[in-house]
Every structure is written in structure tokens, then in C-alpha cells.
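Input: a single structure, listed below in C-alpha cells.
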Amino acid sequence: MIKAKTRGLLLPFAGLLIILFHLAPLYITLSIALKKMTDLSSRWSIPNYLYWQNFVDAINGSHMLRAFSNSFVITVGTSFLIIMIGAMAAYPLARVRTKINKWILNLVLTVMMIPTLSIIVPLYKVMNDMHAINTFWGVILVLTTHGLPLAIFTYANFIRTIPRDLDEAATVDGCNGYSVFFRILLPQLKPVTATVLILAGLKVWNDFEFALYFLQKPQKQTITLTIANFFSEFSSNINAAAAAALLAVLPVTIMFIFLQKYFISGLSDGAVK
Amino acid sequence: MKVFRRKWTSGSHLYVMYLPALILFAVFVFYPLFEGVQISLTNWNGYSQHYQYVGLDNFKMLFTDHKVITAFQNTLVYGIGSTVIQNIWGLAYALLLNQVFFGRKLVRSAVYLPVLISGLVMGFIWYFIMQYDGGALNDIMLLFGMERVDWLADGSRGVKIILFATSMQFVGQSMIIYLAGLQTIPKTYYEAAEIDGTGAWRKFFNITLPLLMPAIIISVIYKLIGGLQLFDLIVALTGGGPGSSTHSFSTLINSLYFQSQNAGYATALGIVLFLFILCVTVITHKLISRNEVEH
């Protein structure tokens with residue numbers, strides 16, 4: 001009995017320590033972001049005043065609102081393409097077992113494993129020849145390409161769990177392969193689409209590599225690139241830099257708080273099924 | 001019915017559905033790769049119209065370049081190290097959170113939250129912690145009466161800090177995967193073991209671990225991909241320095257291209273990285289298919 005009681009206290013206590021440990025980096029950033037530059041007190045102590053000017057400096061010093069809207073456009077465009085192209089590609093790969101399809105699945109896996117940076121220099125040349133540098137469509141197509149493999153696998157795994165009888169019944173009723181997909185399967189893909197949207201959207205929102213190479217023009221810069229430039233230009237104003245970092249994190253954090261269920265089930269569903 | 005089924009399984013008419021994906025792969029992955037092989041044989045600087053073919057010189061240089069060798073070692077440390085650390089750490093969290101206690105959902109959220117943050121921002125945040133002047137870690141050192149340390153001044157320590165920072169950021173992924181895996185293990189197995197008087201360790205090694213195998217494989221592959229490609233956190237935290245001691249393959253390619261304007265050489269390094277990852281892919285793919293046979 002005594003053992004059970006101490007365990008009842010021990011676990012929440014261990015949990016509390018873990019929470020504090022993992023949130024410490026964000027806590028430190030918050031404490032810096034709320035301080036004046038002249039305040040040299042420890043980064044562990046939240047000041048007894050709130051200095052919002054850092055956030056104003058971060059927004060004005062880096063055209064942050066423009067960067068937010070750029071990132072938003074790119075994220076929405078890329079996610080849309082990934083969902084459409086990914087779901088479509090997954091359907092024959094999940095349903096039709098042929099040698100070619102097996103080969104294509106291996107190809108998709110290979111693309112997933114290729115590190116972005118290993119082909120970035122020739123890709124830059126290709127993009128340049130296509131006049132796709134500093135354009136949203138260019139970066140959206142590249143990001144779509146690199147987000148597709150995970151989407152295809154996630155959709156394919158999900159489609160395999162949908163009974164084939166359904167397809168066959170529809171085929172008997174006179175549907176061809178395409179209408180089976182668009183009329184019968186597509187409506188059932190809603191839950192997994194939430195997963196793909198979150199995984200793909202997050203990756204695009206946080207992308208730094210592609211933006212670094214393909215969106216150097218100030219008017220086209222995304223949020224990550226803006227943060228990187230802000231840190232190198234205003235490295236002396238660490239307080240505004242911390243505020244900028246927090247602002248960059250804010251949208252995903254808010255999304256996470258409200259859509260937590262989808263974030264967490266998205267990852268685990270793909271993993272266990 | 002048989003006729004329908006045969007028509008269905010032949011399904012050649014459906015190939016057009018993955019055509020858009022294949023076109024994108026061809027244009028933005030495989031054509032650049034092909035182009036990259038040509039660039040790697042030149043001394044192109046990345047922007048000029050003029051360049052010369054230098055044959056395999058770039059590749060020969062790679063194998064004696066100490067920067068490349070360091071980056072290769074670091075890439076292995078980041079890839080394998082973070083895979084091992086995050087899987088053990090994540091499994092430990094999952095085992096803890098698999099028990100019912102007050103606030104466990106909050107723990108899950110707090111551990112998972114950093115996964116959503118861009119590696120770049122996380123790198124800058126770690127800079128606030130590791131900075132010599134006023135860094136959060138040095139404040140703790142002072143609190144315990146120790147000397148301040150210039151944490152990032154030493155390359156091999158820098159590598160360890162990067163390894164820790166990225167592991168701490170992404171351990172939530174492994175935790176979630178294992179948590180989901182643990183929930184698929186039927187409770188009756190443990191109950192049966194308890195009747196037999198099996199100890200906690202034996203239960204872990206004989207029931208939990210074998211039944212967790214699918215989750216372990218997924219998590220290991222996930223972490224391996226992420227770790228071997230580590231880029232933005234390093235750019236933000238150390239920029240590959242001091243010197244080039246904390247570079248990964250990815251950050252070294254970036255710095256060769258931007259700072260040294262050595263596009264031919266950077267591309268050659270990219271091709272080596274690609275081939276290396278391809279080997280890793282083949283091995284992991286064998287692992288997956290073996291696992292599929294077992295189930």
C-alpha cells in the first residue's frame with residue numbers, strides 16, 4: 001500500500017520535471033524577449049516589467065508580416081498540391097500489385113531519403129534555367145516534390161486498410177478505376193488527409209534549405225529566412241532576436257494547442273499501421 | 001467476378017494517376033542528379049559562364065580533404081548518435097507515459113511541442129543557452145560556484161551539444177511512436193506473465209521489446225533520415241564552426257557553395273552524400289521487407 005502511494009506522487013513529480021526540462025529553452029527565449037537590452041539579469045529570471053518594444057522591433061526590423069504572408073502562401077499552395085498529387089499516386093500503388101508499382105514504391109522511398117543539400121547546387125542551375133528562382137511557383141513545386149514521398153506512403157498505407165470489396169462492388173456497378181477513386185475512395189480519405197496536411201504543412205512552414213537557395217529576393221523571403229537574416233544583421237540586439245524567434249514559433253504553437261489530437265494521432269497512426 | 005478481378009489487378013490504365021508525381025521527381029530530383037554528375041566534373045564557381053572540365057579531380061580531392069573527413073565523421077555522429085539517443089530516451093518516456101497518472105497528457109504535449117519548431121529557430125535558442133556572455137548554462141555554472149565555460153569554442157564539444165540539442169528537440173517523435181506501439185500490446189500478455197511470476201525486466205525484454213519491433217523499425221528509420229540530413233540547427237547554432245569542426249555533410253556543401261564559391265566541388269560532395277545515403281536506404285529497406293515477411 002505504501003509503495004502504491006509513493007508511486008502515485010512520484011510519477012506526477014517526474015512528469016513535472018520532464019515538462020520543465022523540455023520547456024526550458026522556450027522559457028529562456030521568452031525571458032530574453034521580454035527584457036530591455038540594458039537589463040543584464042540572468043536569462044532564467046523573467047523581468048518584473050514587460051518590454052513589448054522587442055516584438056515591435058522584430059516585426060518592423062525584418063518585414064515579418066510580409067514574411068508571414070509569403071510563408072502562408074507557399075504552405076497553402078504546397079500542401080494543396082501534395083494532397084492532390086499524393087492521394088492520386090497512392091491509389092494505384094496501394095491497390096495494384098505489379099512489378100512496376102513495386103519498383104515505383106522503391107523510387108519513392110529513395111526520393112524520401114535523398115538529402116536536400118546533396119542536389120541543391122545542380123537543382124539551383126535547373127531552377128535558374130527554368131526562370132524559377134525567386135518565384136513562389138518554383139519553390140512550391142520543389143517543396144511539393146520533396147513532400148510527396150511521405151504523403152504517398154501515408155495515403156497508400158491508409159488505402160490498404162480500406163476493404164477491397166468496396167472497390168469491387170463499385171466496379172460491378174460499372175465504375176472504372178478512376179471513378180472508383182474519385183467517388184468511392186476520396187471521400188474516405190478525410191481523416192488521413194488531416195494527417196498529411198499537418199505533416200506536410202509543418203515541413204513547408206519550417207523549410208529553410210529551399211528558401212535559402214531559391215527565395216533570396218527580400219520581397220519573397222519566408223519566415224525562416226527572415227529569422228536567419230535578422231539574427232545575422234541584428235546579432236547585437238539579442239532581445240529583439242528572441243522576440244523574432246518566438247513570433248516565428250507562435251503560429252505552429254497555436255495550431256498545436258487547438259489541433260493536438262491530429263498532430264499526435266497523425267504521427268502514431270502512420271507509424272503503427 | 002473472376003473477369004472483373006483480372007481486369008482490376010492488371011490495372012494498367014491506372015498508371016496515369018502517379019504520372020504527376022513521377023514528372024515532379026524527374027524534373028526536380030533525377031534530372032538535377034544527372035546534371036550534378038556533369039557539374040561535379042568541372043571547376044564551376046556557381047555563377048560564371050566559363051568553367052573547365054577537371055575530370056575526377058574533385059572526387060580525388062574529397063578523400064584527402066580534412067574538412068570532408070571531419071564532416072563525414074560528424075554526419076555519422078549526428079545520424080547514428082541521435083538515432084540511438086532518441087530511441088532509448090523516447091522509449092523511456094513512452095514507458096512512463098503508458099502508466100496512468102495525473103498530468104501525463106501535459107507531459108506528452110510538452111515533450112512533443114519542440115518537434116514543431118523549425119530547427120533553425122531551435123538552433124538560435126540553443127545559442128542563447130550556450131553563449132559565453134550571459135548564456136543560460138553559464139548562469140547555472142556560476143550559481144554552483146564554477147567557472148564560466150565557452151561552450152561552443154571547442155569543436156568536439158560543439159558536436160556533442162548539437163547532438164544533444166537535436167535529440168532533445170525531436171525525442172517527442174520517438175516517444176509518440178512508441179506510445180502508440182505500447183498501446184497495441186494486449187494487456188493479457190502481461191497478466192499471464194504476472195501469474196507466472198515473471199519479473200519486470202524479463203517482461204520488458206520478452207514481451208514489450210519483441211512486440212514493439214514494428215514501432216522500433218519505423219522510429220529508427222525516421223531518426224536516421226532526420227539525423228543524417230541535419231542542417232538548419234547547425235547553421236543557426238555554430239555555422240559549422242569553430243573552423244569547420246562541427247559541419248555535417250549538408251552544412252559543408254552549403255558553405256562550399258556560398259562561401260568558397262566552389263560549386264563543382266560542392267556538387268561532387270553532394271553526389272558522395274547521395275551515394276552514401278543510397279547505401280543506407282538499401283540496408284534499411286532490406287530491414288523493412290524482412291520485417292514484413294515476419295508478420
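Ordering of the C-alpha cells sets the chain letters (A, B, ...), residue numbers begin anew at 1 in every chain, and ligands are numbered from 1 in the order given.
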Inset, instruction - From a DSSP pass on the backbone, collect the residues of segment 67-210 of chain A flagged as alpha helix (DSSP H) and hand them back as an MDAnalysis selection string. - result: chainID A and resid 67:95 99:113 120:129 136:161 164:172 177:179 190:205 209:210
Inset, instruction - Write out as a ChimeraX atom specification each polymer residue whose atoms come within 9 Å of Ala170 of chain A, counting only C-alpha atoms; drop sequence neighbours fewer than 6 positions from it. - result: /A:176,179-180,184
Residues from the last selection, C-alpha atoms, saved as a PDB file, in the first residue's frame:
```pdb
ATOM      1  CA  ASN A 176     -13.965   2.313 -63.865  1.00  0.00           C
ATOM      2  CA  SER A 179     -14.350   6.836 -60.737  1.00  0.00           C
ATOM      3  CA  VAL A 180     -13.738   4.232 -58.024  1.00  0.00           C
ATOM      4  CA  ILE A 184     -15.641   5.833 -53.553  1.00  0.00           C
TER       5      ILE A 184
END
```
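Residues lying within 9 Å of Met122 of chain B, counting only C-alpha atoms and ignoring same-chain neighbours fewer than 5 positions away, are A:Pro25, A:Leu26, A:Ala245, B:Pro114, B:Ile117, B:Tyr127, B:Ala165, B:Thr166, B:Gln169, B:Asp232, B:Leu233, B:Ala236, B:Leu237.
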Closest-contact table, segment 62-101 of chain A side, partner segment 210-216 of chain A, 12 Å, counting only C-alpha atoms, as JSON lines:
```
{"residue": "A:Ala67", "atom": "CA", "partner": "A:Leu215", "partner_atom": "CA", "distance": 11.1}
{"residue": "A:Asn70", "atom": "CA", "partner": "A:Leu215", "partner_atom": "CA", "distance": 10.3}
{"residue": "A:Ser71", "atom": "CA", "partner": "A:Ala211", "partner_atom": "CA", "distance": 9.7}
{"residue": "A:Ile74", "atom": "CA", "partner": "A:Ala211", "partner_atom": "CA", "distance": 10.3}
```
Inset, instruction - Using only C-alpha atoms, determine which residues lie at most 12 Å from Val84 of chain B, disregarding the query and same-chain residues fewer than 6 positions distant; provide the list as a list in words. - result: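 The residues satisfying every condition are Leu76, Val77, Tyr78, Gly90, Leu91, Leu163, Phe164, Ser167, Val171, Ser174, Ile216, Ser219, Val220, Ile221, Tyr222, Lys223, Leu224 and Gly227 of chain B.
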Legend entry - Spatial neighbours of Leu186 of chain A, max dist 12 Å, only C-alpha atoms, sep filter under 5 positions, as a ChimeraX atom specification: /A:83-84,86-88,90-91,155,158-159,162,167,178-181,191-193
Keeping C-alpha atoms for every residue in the selection just given, could you write it to a file as a PDB file, in the first residue's frame?
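The resulting file, out.pdb, is reproduced below:
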```
ATOM      1  CA  ILE A  83      -2.562  16.235 -51.073  1.00  0.00           C
ATOM      2  CA  MET A  84      -3.904  16.082 -54.625  1.00  0.00           C
ATOM      3  CA  GLY A  86      -0.056  12.305 -53.317  1.00  0.00           C
ATOM      4  CA  ALA A  87      -3.513  10.782 -52.893  1.00  0.00           C
ATOM      5  CA  MET A  88      -3.790  10.139 -56.612  1.00  0.00           C
ATOM      6  CA  ALA A  90      -1.001   6.361 -53.739  1.00  0.00           C
ATOM      7  CA  TYR A  91      -4.140   4.752 -55.109  1.00  0.00           C
ATOM      8  CA  TYR A 155      -2.045   7.571 -48.183  1.00  0.00           C
ATOM      9  CA  PHE A 158      -4.371   4.087 -45.327  1.00  0.00           C
ATOM     10  CA  ILE A 159      -5.902   2.928 -48.619  1.00  0.00           C
ATOM     11  CA  ILE A 162      -9.991   0.167 -46.800  1.00  0.00           C
ATOM     12  CA  ASP A 167     -13.848  -1.100 -54.984  1.00  0.00           C
ATOM     13  CA  TYR A 178     -10.806   6.433 -61.879  1.00  0.00           C
ATOM     14  CA  SER A 179     -14.350   6.836 -60.737  1.00  0.00           C
ATOM     15  CA  VAL A 180     -13.738   4.232 -58.024  1.00  0.00           C
ATOM     16  CA  PHE A 181     -11.014   6.518 -56.765  1.00  0.00           C
ATOM     17  CA  PRO A 191      -9.039  11.622 -41.686  1.00  0.00           C
ATOM     18  CA  VAL A 192      -5.711  10.701 -43.258  1.00  0.00           C
ATOM     19  CA  THR A 193      -5.745  13.953 -45.219  1.00  0.00           C
TER      20      THR A 193
END
```
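Using only C-alpha atoms, the part of chain A that sits within 6 Å of chain B is made up of Pro12, Gly15, Ile19, His22, Arg43, Met88, Ala89, Val96, Pro115, Leu117, Ser118, Pro122, Leu123, Thr145, Asn206, Ala245 and Ser268 of chain A.
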Inset, instruction - Give me the residues within 10 Å of Arg157 of chain B as a list in words, counting only C-alpha atoms and dropping any in the same chain fewer than 5 places off. - result: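 Skipping anything fewer than 5 positions along the chain leaves Trp151, Leu152, Ile162, Leu163, Ser245 and Thr246 of chain B.
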Export, as a short mmCIF file (atom, residue, chain, number, x, y, z; two decimals), in the first residue's frame, the selected residues with N, CA and C atoms.
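Resulting contents of out05.cif:
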```
data_model
loop_
_atom_site.label_atom_id
_atom_site.label_comp_id
_atom_site.auth_asym_id
_atom_site.auth_seq_id
_atom_site.Cartn_x
_atom_site.Cartn_y
_atom_site.Cartn_z
N TRP B 151 31.35 27.33 -24.24
CA TRP B 151 30.90 26.00 -24.65
C TRP B 151 31.16 25.70 -26.12
N LEU B 152 30.93 26.72 -26.97
CA LEU B 152 30.98 26.44 -28.41
C LEU B 152 32.36 26.70 -29.01
N ILE B 162 25.37 19.91 -30.29
CA ILE B 162 24.41 19.81 -31.40
C ILE B 162 23.63 18.50 -31.31
N LEU B 163 24.36 17.42 -31.02
CA LEU B 163 23.73 16.11 -30.90
C LEU B 163 22.67 16.12 -29.80
N SER B 245 34.74 22.44 -37.71
CA SER B 245 34.78 21.25 -36.86
C SER B 245 33.41 20.66 -36.57
N THR B 246 32.32 21.43 -36.74
CA THR B 246 31.01 20.86 -36.43
C THR B 246 30.15 20.68 -37.68
#
```
Inset, instruction - Calculate how many Å separate atom CA of Asn237 of chain A from atom CA of Met37 of chain A, rounding to one decimal. - result: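 Computing the Euclidean distance for atom CA of Asn237 of chain A and atom CA of Met37 of chain A yields 6.9 Å.
The two atoms in question, atom CA of Ile46 of chain A and atom CA of Ser31 of chain A, are spaced 4.8 Å apart.
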Inset, instruction - Please identify all polymer residues within 9 Å of Asn229 of chain A, counting only C-alpha atoms, omitting same-chain residues fewer than 5 positions from it, and present them as number ranges by chain. - result: A: 62, 224, 234
Legend entry - Nearest-residue call for Phe204 of chain B, choices B:Leu41, B:Ile80, B:Ile185, B:Ile69, using only C-alpha atoms: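 Checking each candidate against Phe204 of chain B, we get B:Ile185 as the closest.
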